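Engineer: Got a structure for you, questions after.
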Amino acid sequence: MKKLFSLVLIALLAISVLPAQKALVISNGGLLSKGTSRPHEDAALIDSTLVKLGWEVQRYSDLDSKSFKTNIGKFAATVEENEPVLVYFSGTAVQIEGKNYLVPQGIFKTQSQFLDAAPELSWILSQISKANMKLVFLDASRTPANLVFRVAEEGLTGIPKIAGNTLLLYSTPLNTIQPDQEGENNHLAQALAKEIQTPDLPMQTLSDRIITQMRILHGGKTPPIPFSISTIEAGWKLNPPQEDGEIKRILRAPTLFRGNIDGGVAPSF
């Protein structure tokens with residue numbers, strides 16, 4: 001009985017210290033030139049895939065300027081230092097004076113009005129910077145219909161430097177507008193949903209695997225290569241295999257180890 005109690009206590013302690021895997025999934029669909037539900041469909045695919053894998057997902061749709069920044073801030077406030085984070089946005093984004101802005105719902109008559117309202121990509125990255133792994137995917141190279149003022153450059157611009165252990169991937173190359181692809185989902189959403197389920201996947205290969213899968217979905221033709229930048233360190237694995245007596249985790253870091261507790265083995269993750 002005493003041994004059984006010790007095993008239960010060990011399991012409870014292990015669960016209490018295991019980091020969560022948290023995801024933020026946002027879709028803004030009511031602001032595109034032709035009006036489409038595709039952003040919501042793509043976000044629903046990513047949401048359901050992550051939930052199936054065990055991620056804790058916060059999902060939002062059609063955020064205006066106030067709720068957009070507020071909900072990003074609320075999500076960031078829940079992130080702990082030892083937790084991996086994934087952010088997926090489907091909608092549209094624009095570059096203005098060398099910075100990328102995700103477009104909220106609403107009509108924006110002037111550039112200054114828009115800049116005050118829209119969350120900027122570098123700000124979003126800074127909000128989740130304390131996470132030990134940051135995965136950010138932008139399916140946002142569409143033409144917005146809610147900007148009355150003229151945007152000088154199309155698509156998104158690059159980011160020359162990002163924090164450690166971060167992957168940033170766009171759905172298209174830089175300075176590129178791309179309409180939604182045929183089929184149930186856009187290629188980035190399909191590729192991400194497929195590749196993120198790969199067992200024991202080295203995180204350093206995730207970007208290349210997604211881009212390769214997007215190429216396959218393009219029908220054998222070679223599409224323009226999407227922009228990506230990564231500082232992910234070697235040794236991180238996605239979906240590590242579950243061993244006997246081990247609590248399954250999504251991500252395993254290279255520096256974590258097993259240790260004995262009261263004669264038992266602490267779960268690795």
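Ordering of the structure tokens sets the chain letters (A, B, ...); residue numbers start at 1 within each chain; ligands are numbered from 1 in the order shown.
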Among the residues of segment 27-130 of chain A, find those DSSP assigns to strand (DSSP E or B) from the backbone and print them as an mmCIF file with N, CA and C atoms, in the first residue's frame.

Structural biologist:
```
data_model
loop_
_atom_site.group_PDB
_atom_site.id
_atom_site.type_symbol
_atom_site.label_atom_id
_atom_site.label_comp_id
_atom_site.auth_asym_id
_atom_site.auth_seq_id
_atom_site.Cartn_x
_atom_site.Cartn_y
_atom_site.Cartn_z
ATOM 1 N N SER A 27 -7.990 33.432 -36.851
ATOM 2 C CA SER A 27 -8.387 33.595 -38.254
ATOM 3 C C SER A 27 -9.249 34.840 -38.385
ATOM 4 N N LEU A 32 -11.302 40.273 -46.670
ATOM 5 C CA LEU A 32 -10.591 39.957 -47.898
ATOM 6 C C LEU A 32 -11.326 40.493 -49.114
ATOM 7 N N GLU A 56 -2.617 22.644 -25.868
ATOM 8 C CA GLU A 56 -3.649 23.498 -25.296
ATOM 9 C C GLU A 56 -3.852 24.681 -26.243
ATOM 10 N N VAL A 57 -4.994 24.736 -26.918
ATOM 11 C CA VAL A 57 -5.220 25.712 -27.983
ATOM 12 C C VAL A 57 -6.196 26.792 -27.530
ATOM 13 N N GLN A 58 -5.801 28.056 -27.752
ATOM 14 C CA GLN A 58 -6.725 29.181 -27.648
ATOM 15 C C GLN A 58 -7.048 29.630 -29.067
ATOM 16 N N ARG A 59 -8.321 29.615 -29.429
ATOM 17 C CA ARG A 59 -8.753 29.899 -30.804
ATOM 18 C C ARG A 59 -9.622 31.146 -30.832
ATOM 19 N N TYR A 60 -9.319 32.067 -31.767
ATOM 20 C CA TYR A 60 -10.096 33.295 -31.926
ATOM 21 C C TYR A 60 -10.360 33.536 -33.407
ATOM 22 N N SER A 61 -11.504 34.174 -33.680
ATOM 23 C CA SER A 61 -11.869 34.492 -35.061
ATOM 24 C C SER A 61 -12.354 35.922 -35.162
ATOM 25 N N ASP A 64 -11.254 42.409 -33.888
ATOM 26 C CA ASP A 64 -11.068 43.822 -34.222
ATOM 27 C C ASP A 64 -9.794 44.320 -33.556
ATOM 28 N N PRO A 84 6.801 25.218 -24.754
ATOM 29 C CA PRO A 84 6.808 25.541 -26.183
ATOM 30 C C PRO A 84 5.500 26.205 -26.585
ATOM 31 N N VAL A 85 5.573 27.075 -27.586
ATOM 32 C CA VAL A 85 4.407 27.836 -28.039
ATOM 33 C C VAL A 85 4.329 27.776 -29.557
ATOM 34 N N LEU A 86 3.109 27.629 -30.058
ATOM 35 C CA LEU A 86 2.857 27.692 -31.495
ATOM 36 C C LEU A 86 1.800 28.757 -31.761
ATOM 37 N N VAL A 87 2.063 29.612 -32.754
ATOM 38 C CA VAL A 87 1.109 30.636 -33.172
ATOM 39 C C VAL A 87 0.820 30.436 -34.655
ATOM 40 N N TYR A 88 -0.463 30.328 -34.991
ATOM 41 C CA TYR A 88 -0.876 30.212 -36.393
ATOM 42 C C TYR A 88 -1.915 31.300 -36.664
ATOM 43 N N PHE A 89 -1.654 32.100 -37.694
ATOM 44 C CA PHE A 89 -2.591 33.157 -38.093
ATOM 45 C C PHE A 89 -2.959 32.975 -39.548
ATOM 46 N N SER A 90 -4.272 32.962 -39.819
ATOM 47 C CA SER A 90 -4.765 32.912 -41.187
ATOM 48 C C SER A 90 -5.667 34.116 -41.410
ATOM 49 N N ALA A 93 -2.045 40.150 -43.893
ATOM 50 C CA ALA A 93 -1.084 41.015 -43.216
ATOM 51 C C ALA A 93 -0.417 41.892 -44.274
ATOM 52 N N VAL A 94 0.093 43.031 -43.850
ATOM 53 C CA VAL A 94 0.726 43.961 -44.779
ATOM 54 C C VAL A 94 2.039 44.461 -44.190
ATOM 55 N N GLN A 95 2.914 44.879 -45.088
ATOM 56 C CA GLN A 95 4.164 45.500 -44.645
ATOM 57 C C GLN A 95 4.088 47.003 -44.870
ATOM 58 N N ILE A 96 4.504 47.743 -43.871
ATOM 59 C CA ILE A 96 4.544 49.198 -43.942
ATOM 60 C C ILE A 96 5.853 49.676 -43.322
ATOM 61 N N LYS A 99 8.012 46.941 -41.641
ATOM 62 C CA LYS A 99 7.448 46.132 -40.561
ATOM 63 C C LYS A 99 6.175 45.451 -41.046
ATOM 64 N N ASN A 100 5.872 44.304 -40.433
ATOM 65 C CA ASN A 100 4.696 43.516 -40.812
ATOM 66 C C ASN A 100 3.576 43.688 -39.781
ATOM 67 N N TYR A 101 2.366 43.925 -40.284
ATOM 68 C CA TYR A 101 1.216 44.144 -39.403
ATOM 69 C C TYR A 101 0.094 43.180 -39.786
ATOM 70 N N LEU A 102 -0.433 42.468 -38.796
ATOM 71 C CA LEU A 102 -1.600 41.622 -39.012
ATOM 72 C C LEU A 102 -2.837 42.507 -39.044
ATOM 73 N N GLN A 105 -10.137 43.219 -38.052
ATOM 74 C CA GLN A 105 -11.416 43.554 -38.652
ATOM 75 C C GLN A 105 -11.643 45.068 -38.549
ATOM 76 N N PHE A 108 -10.132 50.897 -42.120
ATOM 77 C CA PHE A 108 -9.056 51.804 -41.722
ATOM 78 C C PHE A 108 -8.827 52.809 -42.855
ATOM 79 N N GLU A 120 1.794 44.308 -34.538
ATOM 80 C CA GLU A 120 2.977 44.197 -35.397
ATOM 81 C C GLU A 120 3.703 42.896 -35.080
#
```

Engineer: DSSP on the backbone, alpha helix (DSSP H) only: what residues of segment 51-229 of chain A does that give? Format it as an MDAnalysis selection string.

Structural biologist: chainID A and resid 51:53 65:77 111:117 121:127 187:195 206:217

Engineer: I'd like to know which of A:Lys66, A:Lys22, A:Lys161, A:Arg142 is closest to Phe114 of chain A, using only C-alpha atoms.

Structural biologist: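 Closest residue, counting only C-alpha atoms: A:Lys66.
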
Engineer: Could you list, as a ChimeraX atom specification, every residue within 9 Å of Pro224 of chain A, counting only C-alpha atoms and ignoring same-chain residues fewer than 3 positions away?

Structural biologist: /A:172-173,215

Engineer: Keeping only C-alpha atoms, write those residues as a short mmCIF file (atom, residue, chain, number, x, y, z; two decimals), in the first residue's frame.

Structural biologist:
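As a result, selection_18.cif now contains:
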```cif
data_model
loop_
_atom_site.label_atom_id
_atom_site.label_comp_id
_atom_site.auth_asym_id
_atom_site.auth_seq_id
_atom_site.Cartn_x
_atom_site.Cartn_y
_atom_site.Cartn_z
CA THR A 172 4.67 32.78 -49.65
CA PRO A 173 7.98 34.41 -50.58
CA ARG A 215 5.66 21.74 -53.20
#
```

Engineer: Identify, on the basis of only C-alpha atoms, every residue whose closest approach to Glu80 of chain A does not exceed 12 Å; exclude the query and any residue fewer than 3 positions from it along the same chain; express the result as a list in words.

Structural biologist: Val17, Leu18, Pro19, Ala20, Gln21, Lys22, Phe75, Ala76, Ala77, Glu83, Pro84, Val85, Gln127, Ile128, Ser129, Lys130, Ala131, Asn132 and Met133 of chain A

Engineer: Ile232 of chain A: which residues within 6 Å, counting only C-alpha atoms, same-chain residues fewer than 4 positions away excluded, as a count of residues only?

Structural biologist: 3
